[in-house]
>>> print(open('target_25.json').read())   # JSON, C-alpha atoms
[["chain", "number", "residue", "atom", "x", "y", "z"],
["A", 1, "ALA", "CA", 22.90, -14.24, 150.14],
["A", 2, "LEU", "CA", 19.63, -12.26, 150.33],
["A", 3, "ILE", "CA", 19.65, -12.45, 154.14],
["A", 4, "THR", "CA", 23.26, -11.23, 154.21],
["A", 5, "LEU", "CA", 22.19, -8.28, 152.06],
["A", 6, "GLY", "CA", 19.31, -7.51, 154.42],
["A", 7, "ALA", "CA", 16.62, -8.50, 151.91],
["A", 8, "HIS", "CA", 14.79, -10.66, 154.46],
["A", 9, "ASP", "CA", 11.32, -10.62, 152.86],
["A", 10, "GLU", "CA", 12.72, -11.71, 149.50],
["A", 11, "ALA", "CA", 14.83, -14.38, 151.21],
["A", 12, "VAL", "CA", 11.79, -15.84, 153.00],
["A", 13, "VAL", "CA", 9.93, -16.16, 149.69],
["A", 14, "VAL", "CA", 12.87, -18.04, 148.14],
["A", 15, "LEU", "CA", 13.32, -20.28, 151.19],
["A", 16, "GLU", "CA", 9.62, -21.13, 151.38],
["A", 17, "LYS", "CA", 9.75, -22.06, 147.69],
["A", 18, "CYS", "CA", 12.74, -24.31, 148.43],
["A", 19, "ILE", "CA", 10.84, -26.32, 151.02],
["A", 20, "GLU", "CA", 7.83, -26.57, 148.72],
["A", 21, "LEU", "CA", 10.14, -28.37, 146.29],
["A", 22, "ASP", "CA", 12.02, -30.25, 149.02],
["A", 23, "PRO", "CA", 10.22, -30.27, 152.41],
["A", 24, "ALA", "CA", 13.32, -31.63, 154.19],
["A", 25, "GLN", "CA", 15.88, -29.23, 152.71],
["A", 26, "PRO", "CA", 18.05, -28.64, 155.83],
["A", 27, "GLN", "CA", 19.62, -25.28, 154.95],
["A", 28, "ALA", "CA", 16.30, -23.71, 153.95],
["A", 29, "LEU", "CA", 14.61, -24.95, 157.13],
["A", 30, "SER", "CA", 17.55, -23.76, 159.26],
["A", 31, "ASN", "CA", 17.57, -20.31, 157.65],
["A", 32, "LEU", "CA", 13.81, -19.95, 158.12],
["A", 33, "ALA", "CA", 14.15, -20.98, 161.76],
["A", 34, "THR", "CA", 16.81, -18.32, 162.30],
["A", 35, "HIS", "CA", 14.72, -15.68, 160.53],
["A", 36, "TYR", "CA", 11.56, -16.32, 162.56],
["A", 37, "ALA", "CA", 13.52, -16.55, 165.82],
["A", 38, "ASN", "CA", 14.93, -13.10, 165.11],
["A", 39, "GLU", "CA", 11.40, -11.89, 164.39],
["A", 40, "GLY", "CA", 10.22, -13.20, 167.77],
["A", 41, "GLU", "CA", 8.09, -16.02, 166.32],
["A", 42, "ILE", "CA", 9.74, -18.67, 168.49],
["A", 43, "GLU", "CA", 7.23, -21.49, 168.06],
["A", 44, "ARG", "CA", 7.31, -21.06, 164.31],
["A", 45, "ALA", "CA", 11.11, -21.13, 164.42],
["A", 46, "ARG", "CA", 11.09, -24.30, 166.51],
["A", 47, "ASP", "CA", 8.66, -25.92, 164.09],
["A", 48, "TYR", "CA", 11.11, -25.40, 161.21],
["A", 49, "VAL", "CA", 13.94, -26.86, 163.31],
["A", 50, "ARG", "CA", 11.86, -29.93, 164.18],
["A", 51, "ARG", "CA", 10.96, -30.47, 160.53],
["A", 52, "ALA", "CA", 14.60, -30.47, 159.44],
["A", 53, "PRO", "CA", 16.50, -33.76, 159.21],
["A", 54, "PRO", "CA", 19.13, -34.28, 161.95],
["A", 55, "THR", "CA", 21.90, -31.85, 161.09],
["A", 56, "PRO", "CA", 24.78, -30.68, 163.31],
["A", 57, "GLY", "CA", 23.82, -27.39, 164.94],
["A", 58, "LEU", "CA", 20.05, -27.64, 164.75],
["A", 59, "ALA", "CA", 19.65, -29.12, 168.23],
["A", 60, "THR", "CA", 21.90, -26.39, 169.64],
["A", 61, "LYS", "CA", 19.91, -23.76, 167.79],
["A", 62, "LEU", "CA", 16.68, -25.13, 169.27],
["A", 63, "ALA", "CA", 18.18, -25.17, 172.77],
["A", 64, "THR", "CA", 19.44, -21.59, 172.61],
["A", 65, "VAL", "CA", 16.67, -19.80, 170.70],
["A", 66, "MET", "CA", 14.99, -16.97, 172.60],
["A", 67, "ARG", "CA", 12.44, -14.32, 171.72],
["A", 68, "PRO", "CA", 14.27, -11.00, 171.10],
["A", 69, "VAL", "CA", 11.63, -8.85, 172.84],
["A", 70, "SER", "CA", 9.36, -10.12, 175.64],
["A", 71, "ALA", "CA", 5.73, -9.09, 176.01],
["A", 72, "SER", "CA", 6.06, -8.36, 179.74],
["A", 73, "LEU", "CA", 8.51, -8.45, 182.64],
["A", 74, "LEU", "CA", 6.99, -11.74, 183.78],
["A", 75, "GLU", "CA", 7.50, -13.24, 180.32],
["A", 76, "LEU", "CA", 11.06, -11.92, 180.26],
["A", 77, "PHE", "CA", 12.03, -13.75, 183.46],
["A", 78, "LYS", "CA", 10.13, -16.87, 182.39],
["A", 79, "GLU", "CA", 11.95, -17.01, 179.04],
["A", 80, "ARG", "CA", 15.34, -16.48, 180.68],
["A", 81, "ILE", "CA", 14.76, -19.28, 183.16],
["A", 82, "GLU", "CA", 13.63, -21.60, 180.36],
["A", 83, "LEU", "CA", 16.69, -20.65, 178.30],
["A", 84, "VAL", "CA", 19.09, -21.46, 181.15],
["A", 85, "PHE", "CA", 17.30, -24.78, 181.77],
["A", 86, "ARG", "CA", 17.61, -25.75, 178.09],
["A", 87, "ILE", "CA", 21.30, -24.79, 178.04],
["A", 88, "LEU", "CA", 22.14, -26.75, 181.18],
["A", 89, "THR", "CA", 20.23, -29.87, 180.08],
["A", 90, "HIS", "CA", 21.39, -29.82, 176.45],
["A", 91, "THR", "CA", 23.79, -32.53, 175.33],
["A", 92, "PRO", "CA", 26.53, -30.72, 173.38],
["A", 93, "GLU", "CA", 26.86, -31.59, 169.72],
["A", 94, "LYS", "CA", 30.21, -31.83, 167.97],
["A", 95, "LEU", "CA", 30.36, -28.78, 165.70],
["A", 96, "LEU", "CA", 33.12, -27.73, 163.33],
["A", 97, "ASP", "CA", 31.78, -24.31, 162.37],
["A", 98, "PRO", "CA", 29.17, -22.78, 164.72],
["A", 99, "VAL", "CA", 28.95, -19.65, 162.56],
["A", 100, "THR", "CA", 27.09, -21.57, 159.86],
["A", 101, "GLN", "CA", 25.78, -24.47, 161.95],
["A", 102, "VAL", "CA", 24.23, -22.45, 164.80],
["A", 103, "GLU", "CA", 24.20, -18.95, 163.25],
["A", 104, "GLN", "CA", 22.28, -17.11, 165.95],
["A", 105, "VAL", "CA", 23.59, -14.75, 168.64],
["A", 106, "HIS", "CA", 21.74, -13.21, 171.57],
["A", 107, "PHE", "CA", 21.92, -9.60, 170.44],
["A", 108, "TYR", "CA", 18.92, -8.42, 172.47],
["A", 109, "LEU", "CA", 19.75, -10.21, 175.72],
["A", 110, "PRO", "CA", 21.45, -7.15, 177.34],
["A", 111, "TYR", "CA", 18.64, -4.78, 176.36],
["A", 112, "ALA", "CA", 16.62, -5.52, 179.52],
["A", 113, "GLY", "CA", 19.39, -4.04, 181.66],
["A", 114, "LEU", "CA", 19.73, -7.15, 183.83],
["A", 115, "ASN", "CA", 22.83, -9.07, 184.87],
["A", 116, "ASP", "CA", 23.37, -11.31, 181.85],
["A", 117, "ARG", "CA", 26.77, -12.65, 182.82],
["A", 118, "PRO", "CA", 25.60, -16.07, 184.13],
["A", 119, "ILE", "CA", 23.56, -16.66, 180.97],
["A", 120, "GLN", "CA", 26.39, -15.52, 178.70],
["A", 121, "GLU", "CA", 28.86, -17.74, 180.54],
["A", 122, "ALA", "CA", 26.50, -20.72, 180.23],
["A", 123, "LEU", "CA", 26.12, -20.09, 176.49],
["A", 124, "CYS", "CA", 29.88, -19.79, 176.01],
["A", 125, "SER", "CA", 30.46, -22.97, 177.99],
["A", 126, "LEU", "CA", 27.96, -24.82, 175.79],
["A", 127, "TYR", "CA", 29.57, -23.57, 172.58],
["A", 128, "VAL", "CA", 33.08, -24.44, 173.78],
["A", 129, "LYS", "CA", 31.95, -27.97, 174.66],
["A", 130, "SER", "CA", 30.48, -28.29, 171.16],
["A", 131, "THR", "CA", 33.50, -26.72, 169.45],
["A", 132, "PRO", "CA", 36.62, -27.00, 171.65],
["A", 133, "SER", "CA", 38.70, -25.26, 168.97],
["A", 134, "LEU", "CA", 36.91, -21.98, 169.86],
["A", 135, "THR", "CA", 39.47, -21.60, 172.66],
["A", 136, "TYR", "CA", 42.47, -21.87, 170.32],
["A", 137, "THR", "CA", 45.76, -20.25, 171.31],
["A", 138, "PHE", "CA", 48.93, -19.48, 169.35],
["A", 139, "ASN", "CA", 52.48, -18.39, 170.02],
["A", 140, "LYS", "CA", 53.15, -14.88, 168.81],
["A", 141, "LYS", "CA", 56.33, -14.35, 166.82],
["A", 142, "ARG", "CA", 58.68, -11.64, 167.99],
["A", 143, "SER", "CA", 57.79, -8.28, 166.50],
["A", 144, "SER", "CA", 56.77, -4.74, 167.41],
["A", 145, "ARG", "CA", 53.58, -4.18, 169.40],
["A", 146, "ARG", "CA", 50.62, -5.02, 167.17],
["A", 147, "ILE", "CA", 46.98, -4.24, 167.98],
["A", 148, "GLY", "CA", 44.11, -5.44, 165.81],
["A", 149, "PHE", "CA", 40.54, -4.14, 165.52],
["A", 150, "ILE", "CA", 37.82, -6.44, 164.18],
["A", 151, "SER", "CA", 34.18, -5.93, 163.18],
["A", 152, "LYS", "CA", 31.70, -6.45, 160.38],
["A", 153, "PHE", "CA", 30.47, -2.90, 160.93],
["A", 154, "PHE", "CA", 33.36, -0.62, 160.02],
["A", 155, "GLY", "CA", 31.54, 1.01, 157.08],
["A", 156, "GLU", "CA", 31.11, 4.74, 156.52],
["A", 157, "HIS", "CA", 29.04, 6.37, 159.29],
["A", 158, "GLU", "CA", 28.70, 3.15, 161.31],
["A", 159, "PRO", "CA", 29.19, 3.79, 165.04],
["A", 160, "HIS", "CA", 31.55, 0.84, 165.60],
["A", 161, "GLY", "CA", 34.08, 2.44, 163.29],
["A", 162, "LEU", "CA", 33.39, 6.08, 164.16],
["A", 163, "LEU", "CA", 34.27, 5.41, 167.80],
["A", 164, "LEU", "CA", 37.62, 3.95, 166.80],
["A", 165, "GLU", "CA", 38.81, 6.26, 164.02],
["A", 166, "GLY", "CA", 40.80, 8.56, 166.32],
["A", 167, "VAL", "CA", 42.11, 5.65, 168.39],
["A", 168, "ILE", "CA", 43.47, 3.80, 165.37],
["A", 169, "GLN", "CA", 45.05, 6.93, 163.90],
["A", 170, "HIS", "CA", 46.96, 7.94, 167.04],
["A", 171, "LEU", "CA", 47.99, 4.72, 168.78],
["A", 172, "PRO", "CA", 51.81, 4.48, 169.10],
["A", 173, "PHE", "CA", 51.73, 0.83, 167.98],
["A", 174, "THR", "CA", 51.22, -1.01, 164.71],
["A", 175, "THR", "CA", 47.46, -1.04, 164.12],
["A", 176, "VAL", "CA", 45.83, -3.77, 162.05],
["A", 177, "LEU", "CA", 42.27, -3.38, 160.76],
["A", 178, "LEU", "CA", 40.35, -6.64, 160.30],
["A", 179, "PRO", "CA", 37.02, -5.88, 158.58],
["A", 180, "ILE", "CA", 34.71, -8.89, 158.21],
["A", 181, "ALA", "CA", 33.26, -9.23, 154.72],
["A", 182, "SER", "CA", 29.79, -7.82, 154.16],
["A", 183, "PRO", "CA", 28.30, -7.41, 150.64],
["A", 184, "GLY", "CA", 28.21, -3.78, 149.56],
["A", 185, "ARG", "CA", 30.11, -2.55, 152.61],
["A", 186, "ASP", "CA", 33.80, -1.81, 153.13],
["A", 187, "ALA", "CA", 35.71, -0.22, 155.98],
["A", 188, "SER", "CA", 35.45, 3.58, 156.02],
["A", 189, "VAL", "CA", 38.10, 5.63, 154.27],
["A", 190, "ALA", "CA", 39.22, 7.14, 157.59],
["A", 191, "LEU", "CA", 39.76, 3.72, 159.16],
["A", 192, "GLN", "CA", 41.66, 2.43, 156.16],
["A", 193, "ARG", "CA", 43.91, 5.49, 156.11],
["A", 194, "GLY", "CA", 44.51, 5.34, 159.85],
["A", 195, "ALA", "CA", 45.45, 1.66, 160.02],
["A", 196, "ASP", "CA", 49.00, 0.50, 159.33],
["A", 197, "GLU", "CA", 47.77, -2.78, 157.88],
["A", 198, "ILE", "CA", 44.45, -4.20, 156.67],
["A", 199, "VAL", "CA", 43.61, -7.90, 156.86],
["A", 200, "ARG", "CA", 40.28, -8.50, 155.14],
["A", 201, "LEU", "CA", 38.30, -11.41, 156.55],
["A", 202, "GLY", "CA", 35.83, -13.46, 154.57],
["A", 203, "LEU", "CA", 32.74, -15.52, 155.41],
["A", 204, "ASN", "CA", 34.56, -18.73, 156.40],
["A", 205, "TYR", "CA", 35.12, -19.10, 160.15],
["A", 206, "LEU", "CA", 38.12, -21.44, 159.95],
["A", 207, "GLU", "CA", 39.87, -19.31, 157.33],
["A", 208, "ASN", "CA", 39.25, -16.16, 159.38],
["A", 209, "ARG", "CA", 40.68, -17.78, 162.49],
["A", 210, "GLN", "CA", 43.83, -18.69, 160.58],
["A", 211, "ALA", "CA", 44.10, -15.14, 159.21],
["A", 212, "ILE", "CA", 43.93, -13.78, 162.77],
["A", 213, "ILE", "CA", 46.73, -16.12, 163.85],
["A", 214, "GLN", "CA", 48.87, -15.05, 160.89],
["A", 215, "ALA", "CA", 48.31, -11.37, 161.75],
["A", 216, "ASN", "CA", 50.59, -12.00, 164.76],
["A", 217, "LEU", "CA", 48.74, -9.67, 167.14],
["A", 218, "ASP", "CA", 49.44, -8.81, 170.78],
["A", 219, "VAL", "CA", 45.88, -7.61, 171.33],
["A", 220, "LEU", "CA", 42.68, -8.02, 169.30],
["A", 221, "VAL", "CA", 39.91, -5.52, 170.03],
["A", 222, "TYR", "CA", 36.38, -6.59, 169.11],
["A", 223, "ALA", "CA", 34.33, -3.49, 168.24],
["A", 224, "ASP", "CA", 31.23, -5.63, 168.84],
["A", 225, "LEU", "CA", 30.58, -9.19, 169.99],
["A", 226, "HIS", "CA", 26.83, -9.77, 169.86],
["A", 227, "SER", "CA", 25.88, -8.09, 166.60],
["A", 228, "GLU", "CA", 26.46, -11.07, 164.31],
["A", 229, "PRO", "CA", 27.75, -14.67, 164.49],
["A", 230, "MET", "CA", 31.23, -14.32, 162.97],
["A", 231, "SER", "CA", 32.55, -11.82, 165.52],
["A", 232, "TYR", "CA", 30.85, -13.68, 168.36],
["A", 233, "TYR", "CA", 32.29, -17.12, 167.66],
["A", 234, "LEU", "CA", 35.74, -15.77, 166.81],
["A", 235, "GLY", "CA", 35.71, -14.01, 170.17],
["A", 236, "VAL", "CA", 34.23, -16.69, 172.45]]
>>> encode(input="target_25.json", output="structure tokens")
Amino acid sequence: ALITLGAHDEAVVVLEKCIELDPAQPQALSNLATHYANEGEIERARDYVRRAPPTPGLATKLATVMRPVSASLLELFKERIELVFRILTHTPEKLLDPVTQVEQVHFYLPYAGLNDRPIQEALCSLYVKSTPSLTYTFNKKRSSRRIGFISKFFGEHEPHGLLLEGVIQHLPFTTVLLPIASPGRDASVALQRGADEIVRLGLNYLENRQAIIQANLDVLVYADLHSEPMSYYLGV
């Protein structure tokens, strides 16, 4: 909960206390691994993963972890090659919910301005092998044209929503806003007024997937894909 709220320092203190009391507590070790991977402390992150008891998702997390910012161009290429090697040699696990079991996304991968498509395709292929249901399909019921817009970042003054406010207000189709739950944040007033319908998504991947199916959409527009795990795995 503290990590979700952005209170990372406080969360680390609580998680470290958890593993003092229970050195093999899997969720605490997994959360610490994710935190330090995001901070660029890859070896420390891997150490937490190795210390955790075998849990679905941890091996995938270890295979796909990558430092967010490289120290040099040489390090950047070295880390990308190592990442691809780990992906291609990793034996896929059977995962039910990669949002909570893997958690991480490669938000910083495009920042170097290189062609990331082969790496992104390899990652997607790995995740689909682990969770075949990621590629779910459904038959749309007959209705008027319906276009959905999904993001966790539709709050006031957030760029994802600001870029779409005029689009949602003036589209000649039924527009459905699908904000992903985030503590202390709701979709902006302008987005809520502009949308014809609002389908609020929670923190459970399987429930959110079912809600998307029930929204009966022709098109679903992802305002972002690599900012956080829920949008990413719903959109793989």
>>> closest_atom_pairs(input="target_25.json", of="region 140-176 of chain A", to="region 189-192 of chain A", cutoff="10 Å", atoms="all atoms listed in the file", output="CSV")
residue,atom,partner,partner_atom,distance
A:Phe154,CA,A:Leu191,CA,7.8
A:Gly155,CA,A:Val189,CA,8.5
A:Glu156,CA,A:Val189,CA,7.4
A:Gly161,CA,A:Leu191,CA,7.1
A:Leu162,CA,A:Leu191,CA,8.4
A:Leu164,CA,A:Leu191,CA,7.9
A:Glu165,CA,A:Leu191,CA,5.6
A:Gly166,CA,A:Leu191,CA,8.7
A:Val167,CA,A:Leu191,CA,9.7
A:Ile168,CA,A:Leu191,CA,7.2
A:Gln169,CA,A:Leu191,CA,7.8
A:Val176,CA,A:Gln192,CA,9.5
>>> axis_aligned_box(input="target_25.json", around="region 27-46 of chain A", padding_each_side="5 Å", output="AutoDock Vina command-line options")
--center_x 13.4 --center_y -18.6 --center_z 161.2 --size_x 22.4 --size_y 23.4 --size_z 24.5
>>> closest_residue(input="target_25.json", among="A:Val236, A:Leu123, A:Ile213, A:Val105", to="Pro68 (chain A)", atoms="all atoms listed in the file")
A:Val105
>>> closest_residue(input="target_25.json", among="A:Val69, A:Val199, A:Ile147, A:Val99", to="Tyr111 (chain A)", atoms="all atoms listed in the file")
A:Val69
>>> residues_around(input="target_25.json", residues="Arg146 (chain A)", least_positions_apart="4", cutoff="12 Å", atoms="all atoms listed in the file", output="PyMOL selection string")
chain A and resi 140-142+168+171-177+195-197+212+214-221
>>> residues_near_point(input="target_25.json", point="(11.8, -22.5, 156.7)", cutoff="12 Å", atoms="all atoms listed in the file", output="MDAnalysis selection string")
chainID A and resid 11:20 22:37 44:52
>>> closest_residue(input="target_25.json", among="A:Ser182, A:Asn115, A:Thr100, A:Thr137", to="Thr55 (chain A)", atoms="only C-alpha atoms")
A:Thr100
>>> closest_residue(input="target_25.json", among="A:Ser188, A:Thr64, A:Ser125, A:Thr135", to="Arg80 (chain A)", atoms="all atoms listed in the file")
A:Thr64
>>> atom_distance(input="target_25.json", atom1="CA of Gly235 (chain A)", atom2="CA of Tyr222 (chain A)")
7.5 Å
>>> atom_distance(input="target_25.json", atom1="CA of Ala63 (chain A)", atom2="CA of Glu103 (chain A)")
12.9 Å
>>> decode(input="target_25.json", residues="region 165-204 of chain A", atoms="N, CA and C atoms", output="compact mmCIF listing (two decimals), in the first residue's frame")
# COMPACT_ATOMS: atom_id res chain seq x y z
N GLU A 165 -8.55 14.93 -23.37
CA GLU A 165 -9.79 15.59 -22.96
C GLU A 165 -10.63 16.03 -24.15
N GLY A 166 -9.99 16.73 -25.11
CA GLY A 166 -10.74 17.20 -26.27
C GLY A 166 -11.21 16.07 -27.16
N VAL A 167 -10.38 15.03 -27.28
CA VAL A 167 -10.74 13.87 -28.10
C VAL A 167 -11.99 13.20 -27.56
N ILE A 168 -12.01 12.95 -26.26
CA ILE A 168 -13.14 12.25 -25.64
C ILE A 168 -14.41 13.09 -25.73
N GLN A 169 -14.28 14.39 -25.58
CA GLN A 169 -15.46 15.26 -25.61
C GLN A 169 -16.11 15.33 -26.98
N HIS A 170 -15.33 15.21 -28.06
CA HIS A 170 -15.86 15.51 -29.39
C HIS A 170 -15.95 14.32 -30.33
N LEU A 171 -15.60 13.13 -29.89
CA LEU A 171 -15.73 11.96 -30.75
C LEU A 171 -17.22 11.68 -31.03
N PRO A 172 -17.58 11.33 -32.27
CA PRO A 172 -18.98 11.06 -32.60
C PRO A 172 -19.39 9.62 -32.30
N PHE A 173 -18.77 9.03 -31.28
CA PHE A 173 -19.09 7.67 -30.87
C PHE A 173 -19.31 7.66 -29.36
N THR A 174 -19.81 6.55 -28.85
CA THR A 174 -19.94 6.39 -27.40
C THR A 174 -18.54 6.22 -26.81
N THR A 175 -18.17 7.11 -25.91
CA THR A 175 -16.84 7.04 -25.29
C THR A 175 -16.94 6.51 -23.86
N VAL A 176 -16.05 5.58 -23.55
CA VAL A 176 -16.06 4.92 -22.24
C VAL A 176 -14.71 5.17 -21.58
N LEU A 177 -14.72 5.78 -20.42
CA LEU A 177 -13.50 6.05 -19.67
C LEU A 177 -13.26 4.90 -18.69
N LEU A 178 -12.05 4.34 -18.71
CA LEU A 178 -11.71 3.23 -17.82
C LEU A 178 -10.50 3.61 -16.98
N PRO A 179 -10.69 4.39 -15.91
CA PRO A 179 -9.56 4.75 -15.04
C PRO A 179 -9.19 3.58 -14.13
N ILE A 180 -7.89 3.29 -14.05
CA ILE A 180 -7.41 2.23 -13.16
C ILE A 180 -7.21 2.82 -11.77
N ALA A 181 -7.66 2.10 -10.76
CA ALA A 181 -7.63 2.60 -9.39
C ALA A 181 -6.23 3.00 -8.96
N SER A 182 -6.15 4.14 -8.30
CA SER A 182 -4.91 4.61 -7.70
C SER A 182 -5.28 5.43 -6.47
N PRO A 183 -4.80 5.04 -5.27
CA PRO A 183 -5.18 5.73 -4.04
C PRO A 183 -4.96 7.24 -4.13
N GLY A 184 -5.99 7.99 -3.77
CA GLY A 184 -5.88 9.45 -3.74
C GLY A 184 -5.98 10.12 -5.08
N ARG A 185 -6.28 9.35 -6.14
CA ARG A 185 -6.34 9.93 -7.48
C ARG A 185 -7.59 9.43 -8.20
N ASP A 186 -8.30 10.34 -8.82
CA ASP A 186 -9.46 9.99 -9.64
C ASP A 186 -9.31 10.67 -10.98
N ALA A 187 -10.07 10.22 -11.95
CA ALA A 187 -10.03 10.85 -13.27
C ALA A 187 -10.43 12.32 -13.15
N SER A 188 -9.85 13.16 -13.99
CA SER A 188 -10.12 14.59 -13.93
C SER A 188 -11.59 14.88 -14.20
N VAL A 189 -12.02 16.00 -13.71
CA VAL A 189 -13.42 16.41 -13.90
C VAL A 189 -13.75 16.51 -15.38
N ALA A 190 -12.84 17.08 -16.16
CA ALA A 190 -13.08 17.26 -17.60
C ALA A 190 -13.25 15.91 -18.30
N LEU A 191 -12.44 14.93 -17.94
CA LEU A 191 -12.57 13.61 -18.56
C LEU A 191 -13.88 12.94 -18.16
N GLN A 192 -14.25 13.07 -16.91
CA GLN A 192 -15.49 12.45 -16.46
C GLN A 192 -16.71 13.10 -17.12
N ARG A 193 -16.67 14.40 -17.29
CA ARG A 193 -17.78 15.09 -17.96
C ARG A 193 -17.85 14.76 -19.44
N GLY A 194 -16.68 14.57 -20.06
CA GLY A 194 -16.64 14.33 -21.49
C GLY A 194 -17.03 12.92 -21.89
N ALA A 195 -16.81 11.96 -21.00
CA ALA A 195 -17.10 10.56 -21.33
C ALA A 195 -18.59 10.27 -21.22
N ASP A 196 -19.06 9.39 -22.08
CA ASP A 196 -20.47 8.95 -22.00
C ASP A 196 -20.67 7.95 -20.87
N GLU A 197 -19.66 7.14 -20.62
CA GLU A 197 -19.73 6.14 -19.56
C GLU A 197 -18.38 6.08 -18.84
N ILE A 198 -18.42 5.66 -17.58
CA ILE A 198 -17.19 5.45 -16.81
C ILE A 198 -17.22 4.05 -16.22
N VAL A 199 -16.19 3.28 -16.49
CA VAL A 199 -16.03 1.94 -15.91
C VAL A 199 -14.78 1.98 -15.05
N ARG A 200 -14.93 2.01 -13.75
CA ARG A 200 -13.78 2.13 -12.86
C ARG A 200 -13.16 0.75 -12.63
N LEU A 201 -11.87 0.66 -12.89
CA LEU A 201 -11.14 -0.59 -12.72
C LEU A 201 -10.41 -0.60 -11.38
N GLY A 202 -10.27 -1.80 -10.83
CA GLY A 202 -9.63 -1.92 -9.52
C GLY A 202 -8.18 -2.36 -9.63
N LEU A 203 -7.72 -3.13 -8.64
CA LEU A 203 -6.33 -3.56 -8.57
C LEU A 203 -6.17 -5.04 -8.89
N ASN A 204 -7.27 -5.70 -9.29
CA ASN A 204 -7.24 -7.12 -9.60
C ASN A 204 -7.24 -7.31 -11.12
